[in-house]
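Coordinates from start25.tsv are shown below (TSV, C-alpha atoms).
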chain	number	residue	atom	x	y	z
R	1	MET	CA	17.70	-17.73	14.91
R	2	PRO	CA	17.09	-16.63	11.30
R	3	ALA	CA	17.80	-19.16	8.60
R	4	ASP	CA	21.09	-19.05	6.72
R	5	ASP	CA	21.34	-16.69	3.77
R	6	GLU	CA	20.37	-18.18	0.46
R	7	THR	CA	23.37	-19.09	-1.70
R	8	PRO	CA	24.66	-16.01	-3.54
R	9	ALA	CA	23.91	-16.05	-7.22
R	10	PRO	CA	24.87	-13.84	-10.16
R	11	ALA	CA	22.58	-11.29	-11.69
R	12	SER	CA	20.57	-12.21	-14.75
R	13	SER	CA	19.98	-9.85	-17.64
R	14	GLY	CA	17.46	-11.88	-19.61
R	15	PRO	CA	13.82	-12.93	-19.45
R	16	ALA	CA	14.79	-16.48	-18.53
R	17	ALA	CA	15.57	-15.44	-14.95
R	18	ALA	CA	13.47	-17.72	-12.73
R	19	GLY	CA	10.96	-18.12	-15.56
R	20	VAL	CA	9.81	-14.49	-15.51
R	21	ASP	CA	8.82	-13.44	-19.01
R	22	ALA	CA	7.39	-10.05	-17.97
R	23	PHE	CA	7.34	-8.33	-14.63
R	24	PRO	CA	5.22	-8.06	-12.52
R	25	LEU	CA	3.58	-11.46	-12.50
R	26	PRO	CA	-0.06	-12.07	-11.54
R	27	ARG	CA	-0.53	-13.03	-7.88
R	28	ARG	CA	-2.79	-16.08	-7.98
R	29	CYS	CA	-2.57	-17.25	-4.37
R	30	PRO	CA	-3.98	-15.07	-1.60
R	31	PHE	CA	-1.28	-16.20	0.83
R	32	SER	CA	1.88	-16.07	-1.27
R	33	PRO	CA	3.63	-13.95	-3.87
R	34	PRO	CA	4.26	-15.65	-7.22
R	35	PRO	CA	6.68	-18.56	-6.62
R	36	GLU	CA	8.99	-17.14	-9.28
R	37	TYR	CA	9.83	-14.29	-6.88
R	38	ALA	CA	11.38	-16.72	-4.39
R	39	ARG	CA	13.45	-18.19	-7.21
R	40	LEU	CA	14.55	-14.70	-8.22
R	41	ARG	CA	15.67	-14.01	-4.66
R	42	ALA	CA	17.58	-17.30	-4.42
R	43	GLU	CA	19.07	-17.50	-7.91
R	44	HIS	CA	18.94	-14.03	-9.51
R	45	PRO	CA	18.69	-11.47	-6.67
R	46	VAL	CA	19.43	-8.56	-9.01
R	47	ALA	CA	17.79	-9.41	-12.33
R	48	ARG	CA	17.16	-7.24	-15.37
R	49	LEU	CA	13.70	-8.20	-16.57
R	50	PRO	CA	11.26	-7.04	-19.23
R	51	MET	CA	8.48	-4.96	-17.72
R	52	LEU	CA	4.83	-5.61	-18.50
R	53	GLY	CA	4.50	-2.00	-19.65
R	54	GLY	CA	7.52	-2.13	-21.92
R	55	ASP	CA	11.31	-1.76	-21.68
R	56	ALA	CA	13.27	-3.45	-18.89
R	57	ALA	CA	14.16	-2.75	-15.28
R	58	TRP	CA	16.31	-4.24	-12.56
R	59	VAL	CA	14.32	-6.26	-10.03
R	60	VAL	CA	15.99	-6.44	-6.62
R	61	SER	CA	14.59	-9.09	-4.30
R	62	ARG	CA	16.75	-9.62	-1.19
R	63	HIS	CA	15.91	-7.79	2.01
R	64	ALA	CA	19.28	-6.08	2.44
R	65	ASP	CA	19.42	-5.03	-1.22
R	66	VAL	CA	15.86	-3.70	-1.14
R	67	ARG	CA	16.75	-1.57	1.90
R	68	GLN	CA	19.78	-0.27	0.06
R	69	VAL	CA	17.76	0.73	-3.00
R	70	LEU	CA	15.16	2.52	-0.91
R	71	SER	CA	17.71	4.45	1.16
R	72	ASP	CA	20.20	5.36	-1.60
R	73	PRO	CA	20.00	9.08	-2.51
R	74	ARG	CA	20.97	8.22	-6.09
R	75	MET	CA	17.64	6.45	-6.59
R	76	SER	CA	14.89	8.76	-7.84
R	77	ALA	CA	11.17	8.24	-7.18
R	78	ASP	CA	10.16	10.64	-9.99
R	79	ARG	CA	7.91	8.63	-12.29
R	80	ARG	CA	8.34	11.14	-15.10
R	81	ARG	CA	11.90	9.98	-15.73
R	82	PRO	CA	12.20	8.00	-19.00
R	83	GLY	CA	13.73	4.92	-17.36
R	84	PHE	CA	11.17	4.58	-14.59
R	85	PRO	CA	9.74	1.01	-14.51
R	86	LYS	CA	6.45	0.58	-16.35
R	87	PHE	CA	4.11	-1.75	-14.48
R	88	ALA	CA	1.21	-1.67	-16.96
R	89	PRO	CA	0.91	-1.50	-20.74
R	90	THR	CA	1.22	2.06	-22.02
R	91	THR	CA	2.90	4.07	-24.76
R	92	GLU	CA	5.37	6.82	-24.00
R	93	SER	CA	2.95	9.43	-25.35
R	94	GLN	CA	0.18	8.11	-23.08
R	95	ARG	CA	2.55	8.08	-20.15
R	96	GLN	CA	3.65	11.67	-20.69
R	97	ALA	CA	0.08	12.84	-21.32
R	98	SER	CA	-1.02	11.35	-18.00
R	99	PHE	CA	1.45	13.66	-16.21
R	100	ALA	CA	0.44	16.81	-18.08
R	101	ASN	CA	-2.21	18.17	-15.71
R	102	PHE	CA	-0.84	16.82	-12.43
R	103	ARG	CA	1.46	18.35	-9.86
R	104	PRO	CA	3.74	15.46	-8.88
R	105	PRO	CA	2.50	13.96	-5.60
R	106	LEU	CA	4.66	13.40	-2.54
R	107	ASN	CA	5.60	9.83	-3.46
R	108	TRP	CA	7.05	11.01	-6.80
R	109	MET	CA	9.26	13.72	-5.31
R	110	ASP	CA	13.01	13.79	-4.77
R	111	PRO	CA	14.99	16.01	-2.40
R	112	PRO	CA	14.92	18.83	-1.61
R	113	GLU	CA	11.27	19.21	-2.68
R	114	HIS	CA	10.31	15.92	-1.04
R	115	GLY	CA	11.57	16.87	2.40
R	116	THR	CA	9.96	20.31	2.29
R	117	THR	CA	6.61	18.89	1.23
R	118	ARG	CA	6.65	15.92	3.61
R	119	ARG	CA	7.31	18.18	6.59
R	120	GLN	CA	4.01	19.93	5.88
R	121	ILE	CA	2.02	16.83	6.84
R	122	VAL	CA	4.32	14.47	8.75
R	123	ASP	CA	3.19	15.70	12.19
R	124	GLU	CA	-0.42	14.94	11.26
R	125	PHE	CA	0.45	11.23	11.04
R	126	SER	CA	3.05	10.94	13.80
R	127	ALA	CA	2.70	8.13	16.33
R	128	GLN	CA	1.62	10.65	18.98
R	129	ARG	CA	-1.03	12.24	16.78
R	130	VAL	CA	-2.37	8.87	15.63
R	131	ARG	CA	-2.83	7.77	19.24
R	132	GLN	CA	-5.20	10.72	19.59
R	133	LEU	CA	-7.17	9.39	16.62
R	134	ARG	CA	-8.00	6.08	18.33
R	135	PRO	CA	-11.49	7.24	19.46
R	136	LEU	CA	-12.30	8.25	15.88
R	137	VAL	CA	-11.16	4.88	14.51
R	138	GLU	CA	-13.05	2.97	17.22
R	139	ARG	CA	-16.22	4.95	16.50
R	140	VAL	CA	-16.00	4.27	12.76
R	141	VAL	CA	-15.30	0.56	13.28
R	142	ASP	CA	-18.15	0.21	15.78
R	143	THR	CA	-20.57	1.99	13.43
R	144	HIS	CA	-19.95	-0.52	10.66
R	145	LEU	CA	-19.95	-3.48	13.04
R	146	ASP	CA	-23.33	-2.30	14.34
R	147	ALA	CA	-24.61	-2.30	10.76
R	148	LEU	CA	-23.29	-5.82	10.18
R	149	ALA	CA	-24.79	-7.14	13.41
R	150	ALA	CA	-28.17	-5.56	12.64
R	151	GLY	CA	-28.45	-7.27	9.26
R	152	PRO	CA	-28.61	-10.89	8.10
R	153	PRO	CA	-25.88	-13.22	9.43
R	154	GLY	CA	-23.60	-12.89	6.43
R	155	ALA	CA	-22.00	-10.26	4.22
R	156	ASP	CA	-19.22	-9.41	1.80
R	157	LEU	CA	-16.62	-8.12	4.24
R	158	VAL	CA	-14.84	-6.08	1.56
R	159	ALA	CA	-17.92	-4.04	0.68
R	160	ALA	CA	-19.50	-3.98	4.14
R	161	PHE	CA	-16.44	-3.47	6.35
R	162	GLY	CA	-13.01	-3.14	4.69
R	163	TYR	CA	-13.87	-0.30	2.33
R	164	PRO	CA	-16.25	1.57	4.65
R	165	VAL	CA	-13.85	1.58	7.60
R	166	SER	CA	-10.77	2.64	5.67
R	167	SER	CA	-12.59	5.20	3.51
R	168	GLN	CA	-14.49	6.82	6.36
R	169	VAL	CA	-11.42	7.10	8.58
R	170	ILE	CA	-9.25	8.76	5.94
R	171	CYS	CA	-12.14	11.00	4.84
R	172	GLU	CA	-12.72	12.25	8.38
R	173	VAL	CA	-9.00	12.76	8.98
R	174	LEU	CA	-8.47	14.68	5.72
R	175	GLY	CA	-11.79	16.51	5.70
R	176	VAL	CA	-13.13	14.86	2.53
R	177	PRO	CA	-16.90	14.17	2.37
R	178	TYR	CA	-17.44	10.46	3.04
R	179	THR	CA	-20.70	10.65	1.10
R	180	ASP	CA	-18.54	10.55	-2.06
R	181	HIS	CA	-16.72	7.35	-1.10
R	182	GLU	CA	-18.19	5.19	-3.87
R	183	PHE	CA	-17.00	7.73	-6.45
R	184	PHE	CA	-13.32	7.53	-5.49
R	185	GLU	CA	-13.37	3.85	-4.49
R	186	ARG	CA	-14.54	2.70	-7.93
R	187	ARG	CA	-12.03	4.87	-9.74
R	188	SER	CA	-9.15	3.89	-7.49
R	189	THR	CA	-9.87	0.20	-8.09
R	190	GLN	CA	-9.76	0.73	-11.86
R	191	MET	CA	-6.67	2.89	-11.63
R	192	PHE	CA	-4.62	0.18	-9.91
R	193	ARG	CA	-5.58	-2.64	-12.27
R	194	ARG	CA	-2.83	-3.32	-14.78
R	195	SER	CA	-5.43	-4.64	-17.24
R	196	THR	CA	-7.26	-1.31	-17.28
R	197	PRO	CA	-6.38	0.52	-20.54
R	198	ALA	CA	-3.91	3.37	-20.06
R	199	ASP	CA	-6.38	6.04	-21.18
R	200	GLU	CA	-8.95	4.71	-18.69
R	201	ARG	CA	-6.42	4.72	-15.85
R	202	ALA	CA	-5.57	8.32	-16.67
R	203	ARG	CA	-9.25	9.27	-16.79
R	204	CYS	CA	-9.88	7.75	-13.35
R	205	ALA	CA	-6.93	9.63	-11.87
R	206	ARG	CA	-8.06	12.86	-13.49
R	207	GLU	CA	-11.60	12.51	-12.15
R	208	ILE	CA	-10.37	11.89	-8.59
R	209	ARG	CA	-8.05	14.86	-8.95
R	210	ASP	CA	-10.89	17.09	-10.18
R	211	PHE	CA	-13.09	15.94	-7.28
R	212	LEU	CA	-10.35	16.85	-4.79
R	213	ASP	CA	-9.80	20.19	-6.51
R	214	GLY	CA	-13.34	21.05	-5.45
R	215	VAL	CA	-12.73	19.79	-1.91
R	216	VAL	CA	-9.60	21.94	-1.53
R	217	THR	CA	-11.38	24.97	-2.98
R	218	GLU	CA	-14.07	24.57	-0.32
R	219	LYS	CA	-11.40	24.27	2.40
R	220	GLU	CA	-9.86	27.52	1.18
R	221	ARG	CA	-13.23	29.22	1.63
R	222	ARG	CA	-14.37	27.44	4.79
R	223	PRO	CA	-11.53	25.75	6.68
R	224	GLY	CA	-12.34	23.06	9.23
R	225	ASP	CA	-10.56	20.98	11.84
R	226	ASP	CA	-8.88	18.55	9.45
R	227	VAL	CA	-5.57	17.77	7.77
R	228	LEU	CA	-6.29	19.60	4.51
R	229	SER	CA	-7.39	22.79	6.27
R	230	ARG	CA	-4.29	22.76	8.45
R	231	LEU	CA	-2.11	22.09	5.39
R	232	LEU	CA	-3.52	25.19	3.71
R	233	SER	CA	-2.96	27.18	6.91
R	234	ARG	CA	0.70	26.11	7.00
R	235	GLN	CA	1.08	27.10	3.37
R	236	ARG	CA	-0.33	30.56	4.09
R	237	ALA	CA	2.06	30.97	7.02
R	238	ALA	CA	4.95	29.99	4.74
R	239	GLY	CA	4.17	32.63	2.14
R	240	GLY	CA	0.89	31.80	0.49
R	241	PRO	CA	-1.39	28.83	-0.27
R	242	ASP	CA	-0.41	26.51	-3.10
R	243	HIS	CA	-3.70	25.14	-4.36
R	244	GLU	CA	-2.24	22.59	-6.76
R	245	ALA	CA	0.19	21.29	-4.15
R	246	ALA	CA	-2.70	20.81	-1.70
R	247	VAL	CA	-4.73	18.93	-4.32
R	248	SER	CA	-1.72	16.72	-5.07
R	249	MET	CA	-1.27	15.95	-1.38
R	250	ALA	CA	-4.98	15.22	-0.96
R	251	PHE	CA	-4.82	12.82	-3.92
R	252	VAL	CA	-2.00	10.66	-2.58
R	253	LEU	CA	-3.31	10.63	1.01
R	254	LEU	CA	-6.89	9.78	0.05
R	255	VAL	CA	-6.07	7.11	-2.51
R	256	ALA	CA	-3.25	5.42	-0.59
R	257	GLY	CA	-5.11	5.87	2.69
R	258	HIS	CA	-8.15	3.83	1.69
R	259	VAL	CA	-6.93	1.37	-0.96
R	260	THR	CA	-4.09	-0.20	1.00
R	261	THR	CA	-5.89	-0.46	4.34
R	262	SER	CA	-9.15	-1.80	2.90
R	263	ASN	CA	-7.27	-4.58	1.13
R	264	MET	CA	-5.24	-5.36	4.24
R	265	ILE	CA	-8.37	-5.62	6.41
R	266	ALA	CA	-9.96	-8.22	4.13
R	267	LEU	CA	-6.78	-10.23	3.62
R	268	SER	CA	-6.06	-10.17	7.36
R	269	VAL	CA	-9.49	-11.55	8.16
R	270	LEU	CA	-8.91	-14.30	5.61
R	271	ALA	CA	-5.59	-15.19	7.24
R	272	LEU	CA	-7.15	-15.33	10.70
R	273	LEU	CA	-10.12	-17.43	9.59
R	274	THR	CA	-7.83	-19.95	7.90
R	275	HIS	CA	-5.61	-20.20	11.00
R	276	PRO	CA	-8.20	-20.94	13.70
R	277	ALA	CA	-5.68	-21.77	16.44
R	278	ARG	CA	-3.91	-18.45	15.88
R	279	LEU	CA	-7.26	-16.66	15.91
R	280	ALA	CA	-8.35	-18.37	19.12
R	281	ARG	CA	-5.19	-17.23	20.88
R	282	LEU	CA	-5.65	-13.64	19.68
R	283	ARG	CA	-9.24	-13.66	20.92
R	284	ALA	CA	-8.04	-14.91	24.31
R	285	GLU	CA	-5.08	-12.51	24.42
R	286	PRO	CA	-6.09	-9.38	22.47
R	287	GLU	CA	-2.97	-7.54	23.64
R	288	ARG	CA	-1.17	-9.62	20.99
R	289	PHE	CA	-2.96	-7.85	18.12
R	290	PRO	CA	-0.29	-5.15	17.54
R	291	ALA	CA	2.35	-7.83	16.93
R	292	ALA	CA	-0.09	-9.79	14.77
R	293	VAL	CA	-0.66	-6.69	12.64
R	294	GLU	CA	3.09	-6.43	11.94
R	295	GLU	CA	3.15	-10.06	10.86
R	296	LEU	CA	0.09	-9.58	8.64
R	297	LEU	CA	1.76	-6.59	6.98
R	298	ARG	CA	4.88	-8.68	6.32
R	299	TYR	CA	2.94	-11.74	5.22
R	300	PHE	CA	0.81	-9.99	2.59
R	301	THR	CA	2.93	-6.99	1.45
R	302	VAL	CA	0.11	-5.71	-0.73
R	303	VAL	CA	1.89	-2.78	-2.42
R	304	GLU	CA	3.95	-3.65	-5.50
R	305	ALA	CA	4.72	-0.47	-7.45
R	306	ALA	CA	5.46	2.14	-4.77
R	307	THR	CA	9.07	1.04	-4.37
R	308	ALA	CA	10.14	1.57	-7.99
R	309	ARG	CA	13.02	3.95	-8.70
R	310	THR	CA	15.33	5.25	-11.43
R	311	ALA	CA	19.09	5.42	-10.86
R	312	THR	CA	20.46	8.95	-11.29
R	313	ALA	CA	24.06	7.70	-11.19
R	314	ASP	CA	25.81	4.36	-11.47
R	315	VAL	CA	24.99	2.36	-8.33
R	316	GLU	CA	26.24	-1.04	-7.21
R	317	ILE	CA	23.53	-3.25	-5.69
R	318	GLY	CA	24.27	-6.82	-4.66
R	319	GLY	CA	27.52	-6.79	-6.62
R	320	VAL	CA	25.79	-5.59	-9.82
R	321	THR	CA	26.28	-2.16	-11.37
R	322	ILE	CA	23.03	-0.42	-12.24
R	323	ARG	CA	23.68	2.37	-14.72
R	324	ALA	CA	22.38	5.90	-14.49
R	325	GLY	CA	18.97	6.14	-16.14
R	326	GLU	CA	18.02	2.50	-15.58
R	327	GLY	CA	14.85	1.58	-13.71
R	328	VAL	CA	14.85	-0.44	-10.50
R	329	VAL	CA	12.08	-2.29	-8.66
R	330	ALA	CA	12.69	-2.98	-4.98
R	331	LEU	CA	10.56	-6.10	-4.62
R	332	GLY	CA	9.12	-5.92	-1.12
R	333	GLN	CA	7.06	-9.09	-1.57
R	334	ALA	CA	10.26	-11.10	-1.96
R	335	ALA	CA	12.23	-9.15	0.66
R	336	ASN	CA	9.57	-9.80	3.29
R	337	ARG	CA	9.90	-13.54	2.66
R	338	ASP	CA	13.71	-13.52	2.85
R	339	PRO	CA	14.85	-16.44	5.09
R	340	ALA	CA	17.99	-14.48	5.93
R	341	VAL	CA	15.74	-12.17	7.99
R	342	PHE	CA	12.58	-14.15	8.80
R	343	GLU	CA	12.65	-17.75	9.97
R	344	ARG	CA	10.08	-19.93	8.14
R	345	PRO	CA	9.10	-16.87	6.10
R	346	ASP	CA	6.21	-18.50	4.23
R	347	GLU	CA	4.37	-19.27	7.49
R	348	PHE	CA	1.90	-16.88	9.09
R	349	ASP	CA	3.20	-16.62	12.66
R	350	PRO	CA	1.74	-13.79	14.78
R	351	ASP	CA	4.21	-14.64	17.54
R	352	ARG	CA	7.26	-13.71	15.47
R	353	ASP	CA	8.98	-10.32	15.67
R	354	ALA	CA	8.15	-9.04	12.19
R	355	ARG	CA	9.13	-5.41	12.71
R	356	ALA	CA	11.95	-5.63	10.15
R	357	HIS	CA	9.35	-5.91	7.37
R	358	LEU	CA	9.34	-3.44	4.48
R	359	ALA	CA	5.60	-3.35	3.83
R	360	PHE	CA	5.61	0.44	4.30
R	361	GLY	CA	8.80	0.91	2.33
R	362	HIS	CA	12.02	2.24	3.81
R	363	GLY	CA	14.06	5.41	3.82
R	364	ARG	CA	12.83	8.90	3.06
R	365	HIS	CA	9.73	7.64	1.22
R	366	ILE	CA	8.51	5.35	3.98
R	367	CYS	CA	4.72	5.59	4.12
R	368	PRO	CA	3.71	8.68	6.14
R	369	GLY	CA	0.42	7.00	7.08
R	370	GLN	CA	1.97	3.84	8.53
R	371	HIS	CA	0.91	4.53	12.14
R	372	LEU	CA	-2.68	5.21	11.11
R	373	ALA	CA	-2.78	2.02	9.02
R	374	ARG	CA	-1.52	-0.01	11.99
R	375	LEU	CA	-4.13	1.51	14.27
R	376	GLU	CA	-6.97	0.83	11.82
R	377	LEU	CA	-5.92	-2.80	11.42
R	378	GLU	CA	-5.53	-3.35	15.14
R	379	VAL	CA	-8.92	-1.84	15.99
R	380	ALA	CA	-10.82	-3.29	13.02
R	381	LEU	CA	-9.55	-6.85	13.46
R	382	GLY	CA	-9.72	-6.92	17.24
R	383	ARG	CA	-13.27	-5.61	17.43
R	384	LEU	CA	-14.51	-7.68	14.49
R	385	VAL	CA	-13.43	-11.04	15.90
R	386	ARG	CA	-14.70	-10.14	19.37
R	387	ARG	CA	-18.05	-8.83	18.14
R	388	LEU	CA	-18.69	-11.74	15.76
R	389	PRO	CA	-17.34	-14.86	17.50
R	390	GLY	CA	-18.96	-17.18	14.96
R	391	LEU	CA	-17.29	-15.49	11.99
R	392	ARG	CA	-16.38	-17.95	9.23
R	393	LEU	CA	-15.79	-18.07	5.49
R	394	ALA	CA	-18.91	-18.54	3.37
R	395	VAL	CA	-17.00	-19.82	0.32
R	396	ALA	CA	-13.94	-21.96	-0.28
R	397	VAL	CA	-10.63	-20.11	-0.46
R	398	ASP	CA	-10.16	-21.30	-4.04
R	399	ASP	CA	-13.41	-19.57	-5.00
R	400	LEU	CA	-12.29	-16.11	-3.86
R	401	SER	CA	-11.76	-13.48	-6.56
R	402	LEU	CA	-8.26	-12.02	-6.26
R	403	LYS	CA	-6.90	-8.71	-7.50
R	404	GLU	CA	-4.19	-10.70	-9.20
R	405	ASP	CA	-3.41	-7.97	-11.73
R	406	GLY	CA	-3.45	-5.13	-9.23
R	407	ASN	CA	-0.50	-2.96	-8.30
R	408	ILE	CA	-2.09	-3.17	-4.86
R	409	PHE	CA	-3.09	-6.73	-4.06
R	410	GLY	CA	-6.33	-7.73	-2.38
R	411	LEU	CA	-9.70	-9.44	-2.70
R	412	TYR	CA	-12.62	-8.23	-4.75
R	413	ALA	CA	-14.97	-9.80	-2.21
R	414	LEU	CA	-14.78	-11.81	1.02
R	415	PRO	CA	-18.11	-13.59	1.68
R	416	VAL	CA	-18.45	-14.48	5.35
R	417	ALA	CA	-21.15	-15.71	7.72
R	418	TRP	CA	-21.56	-15.75	11.50
Let me see the file written as structure tokens.
Amino acid sequence: MPADDETPAPASSGPAAAGVDAFPLPRRCPFSPPPEYARLRAEHPVARLPMLGGDAAWVVSRHADVRQVLSDPRMSADRRRPGFPKFAPTTESQRQASFANFRPPLNWMDPPEHGTTRRQIVDEFSAQRVRQLRPLVERVVDTHLDALAAGPPGADLVAAFGYPVSSQVICEVLGVPYTDHEFFERRSTQMFRRSTPADERARCAREIRDFLDGVVTEKERRPGDDVLSRLLSRQRAAGGPDHEAAVSMAFVLLVAGHVTTSNMIALSVLALLTHPARLARLRAEPERFPAAVEELLRYFTVVEAATARTATADVEIGGVTIRAGEGVVALGQAANRDPAVFERPDEFDPDRDARAHLAFGHGRHICPGQHLARLELEVALGRLVRRLPGLRLAVAVDDLSLKEDGNIFGLYALPVAW
């Protein structure tokens, strides 16, 4: 049975809440969110905190409250709104300038535009369609495992496996040339670092956008058998292609499709290698990998900023009134460790039923690529540990370099040997 709910506590409206001086905090342990987040959940579940990028926002940390925020139609995902939470240092003029040449992507949209746009691609990533992509994913994984096995008995698993697998899969699905993967990988990494200057983050986003503008232009001239070509075809059938909308869609699918999964692959391998008994059972019973993937998604919850919102009307969350125009962060890292939902939440337990996790979000903005991400993790992890039975860490866990200031958490490198 799940543990009892933590004792209800009042909201806090000051920086003293659980010792959080500015949100978000750096994540300095690969296996746990900052400990202050657990204290927020227990003592200040709806806390108004200063944001690292300026101003303040409400941080909501209990599982039920996070679900409410993400499903409430009065919560806007439009990052152009003045009250939207600021996760990285920036000025208002820099923030507005960064939006100037961009069509808002899917994850910024509100109804009715969001529903209309999402329907254009949702079938491409349905559970049924993703099952048909299994041979593609298996081929990509095997290609990179072959390369690992053919080389010396050691590698950086981020550079040699996590990035290549996730980038090649999403490139082939979308119809983006994989030969350009280093270009968008480097810029995406910089873009998600909170320590990257605002002008540099904007430049990285602009350069990826310009690259994809060229890809979409080529699809308009020479369509192929891929998601972007079919998106353009649907647009034509609906009254005419919308080039900028297609570029915007390509941007969010490419960036989210490789950054999140590559980080999850590396972190998942780390979890398995540091839990040898769990790994041994998965090797002996590989049919358990789908459930293990759900637990890994819950355990790491790598995405921090995608669940931010702005209230468009007064909303009561956890007994606290959030006023119209105020920013809200639905803190998935804390919600996925809520003992009211998950027994022994700080333990990695592949045998638990973790399907209530919110790693992909919740509500209308739930990640459209969730089924593909699950498939990639299942195939990549299962085949890796079977193909390299002697796989082990080549450095101490404390020596790993963490993306502690990233809006998407992960490892910069994972040295392994076999």
Would you list the contacts of region 348-356 of chain R as a compact mmCIF listing (two decimals) with C-alpha atoms, in the frame of the given file, taking every protein, DNA or RNA residue within 12 Å and counting all atoms listed in the file, but skipping same-chain residues closer than 4 positions in sequence?
# COMPACT_ATOMS: atom_id res chain seq x y z
CA MET R 1 17.70 -17.73 14.91
CA PRO R 2 17.09 -16.63 11.30
CA PHE R 31 -1.28 -16.20 0.83
CA SER R 32 1.88 -16.07 -1.27
CA HIS R 63 15.91 -7.79 2.01
CA ALA R 64 19.28 -6.08 2.44
CA ARG R 67 16.75 -1.57 1.90
CA SER R 268 -6.06 -10.17 7.36
CA LEU R 270 -8.91 -14.30 5.61
CA ALA R 271 -5.59 -15.19 7.24
CA LEU R 272 -7.15 -15.33 10.70
CA THR R 274 -7.83 -19.95 7.90
CA HIS R 275 -5.61 -20.20 11.00
CA PRO R 276 -8.20 -20.94 13.70
CA ALA R 277 -5.68 -21.77 16.44
CA ARG R 278 -3.91 -18.45 15.88
CA LEU R 279 -7.26 -16.66 15.91
CA ALA R 280 -8.35 -18.37 19.12
CA ARG R 281 -5.19 -17.23 20.88
CA LEU R 282 -5.65 -13.64 19.68
CA GLU R 285 -5.08 -12.51 24.42
CA PRO R 286 -6.09 -9.38 22.47
CA GLU R 287 -2.97 -7.54 23.64
CA ARG R 288 -1.17 -9.62 20.99
CA PHE R 289 -2.96 -7.85 18.12
CA PRO R 290 -0.29 -5.15 17.54
CA ALA R 291 2.35 -7.83 16.93
CA ALA R 292 -0.09 -9.79 14.77
CA VAL R 293 -0.66 -6.69 12.64
CA GLU R 294 3.09 -6.43 11.94
CA GLU R 295 3.15 -10.06 10.86
CA LEU R 296 0.09 -9.58 8.64
CA LEU R 297 1.76 -6.59 6.98
CA ARG R 298 4.88 -8.68 6.32
CA TYR R 299 2.94 -11.74 5.22
CA PHE R 300 0.81 -9.99 2.59
CA GLY R 332 9.12 -5.92 -1.12
CA ALA R 335 12.23 -9.15 0.66
CA ASN R 336 9.57 -9.80 3.29
CA ARG R 337 9.90 -13.54 2.66
CA ASP R 338 13.71 -13.52 2.85
CA ALA R 340 17.99 -14.48 5.93
CA VAL R 341 15.74 -12.17 7.99
CA PHE R 342 12.58 -14.15 8.80
CA GLU R 343 12.65 -17.75 9.97
CA ARG R 344 10.08 -19.93 8.14
CA PHE R 360 5.61 0.44 4.30
CA GLY R 361 8.80 0.91 2.33
CA HIS R 362 12.02 2.24 3.81
CA ARG R 374 -1.52 -0.01 11.99
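For the pair CA of Ser71 (chain R) and CA of Gln235 (chain R), the separation is 28.2 Å.
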Rounded to one decimal in Å, what is the spacing between CA of Gly410 (chain R) and CA of Val303 (chain R)? 9.6 Å
Listing only residues of region 255-324 of chain R within 10 Å of region 55-62 of chain R, what is the closest atom pair and its distance in Å (to one decimal) for each, using all atoms listed in the file, sorted by chain and residue number ascending, as CSV?
residue,atom,partner,partner_atom,distance
R:Ala308,CA,R:Val59,CA,9.1
R:Arg309,CA,R:Ala57,CA,9.5
R:Thr310,CA,R:Ala57,CA,9.0
R:Ile317,CA,R:Val60,CA,8.2
R:Gly318,CA,R:Val60,CA,8.5
R:Val320,CA,R:Trp58,CA,10.0
R:Ile322,CA,R:Trp58,CA,7.7
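Take CA of Ala324 (chain R) and CA of Arg74 (chain R): the distance between them is 8.8 Å.
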Taking only C-alpha atoms into account, name the residue in R:Val252, R:Ala88, R:Ala155, R:Leu372 that is nearest to Glu124 (chain R). R:Leu372
Per residue of region 7-96 of chain R within 12 Å of region 193-207 of chain R, which atom pair is closest and at what distance in Å (one decimal), using only C-alpha atoms, listed by chain and increasing number, as CSV?
residue,atom,partner,partner_atom,distance
R:Phe23,CA,R:Arg194,CA,11.3
R:Pro24,CA,R:Arg194,CA,9.6
R:Leu25,CA,R:Arg194,CA,10.6
R:Pro26,CA,R:Arg194,CA,9.7
R:Met51,CA,R:Arg194,CA,11.8
R:Leu52,CA,R:Arg194,CA,8.8
R:Gly53,CA,R:Arg194,CA,8.9
R:Lys86,CA,R:Arg194,CA,10.2
R:Phe87,CA,R:Arg194,CA,7.1
R:Ala88,CA,R:Arg194,CA,4.9
R:Pro89,CA,R:Ala198,CA,6.9
R:Thr90,CA,R:Ala198,CA,5.6
R:Thr91,CA,R:Ala198,CA,8.3
R:Glu92,CA,R:Ala198,CA,10.7
R:Ser93,CA,R:Ala198,CA,10.6
R:Gln94,CA,R:Ala198,CA,7.0
R:Arg95,CA,R:Ala198,CA,8.0
R:Gln96,CA,R:Ala202,CA,10.6
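Closest approach to Gly214 (chain R) among R:Val130, R:Val247, R:Val227, R:Leu253: R:Val247, based on all atoms listed in the file.
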Kindly provide, as a ChimeraX atom specification, the polymer residues lying within 12 Å of (-21.1, -13.2, 16.8), counting only C-alpha atoms and using the coordinates exactly as they appear in the file. /R:145-146,148-150,152-154,383-392,416-418
Which neighbours of Val158 (chain R) fall inside 12 Å, counting only C-alpha atoms, when residues of the same chain fewer than 4 positions from it are skipped, and could you give them as an MDAnalysis selection string? chainID R and resid 144 162:167 185 258:259 261:270 400:402 410:416
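Distance check against Leu358 (chain R) using all atoms listed in the file: of R:Val395, R:Val379, R:Ala306, R:Val176, the minimum falls on R:Ala306.
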8 Å per side around region 138-156 of chain R: axis-aligned box centre and edge lengths, as AutoDock Vina command-line options:
--center_x -20.8 --center_y -4.1 --center_z 9.5 --size_x 31.6 --size_y 34.2 --size_z 31.4
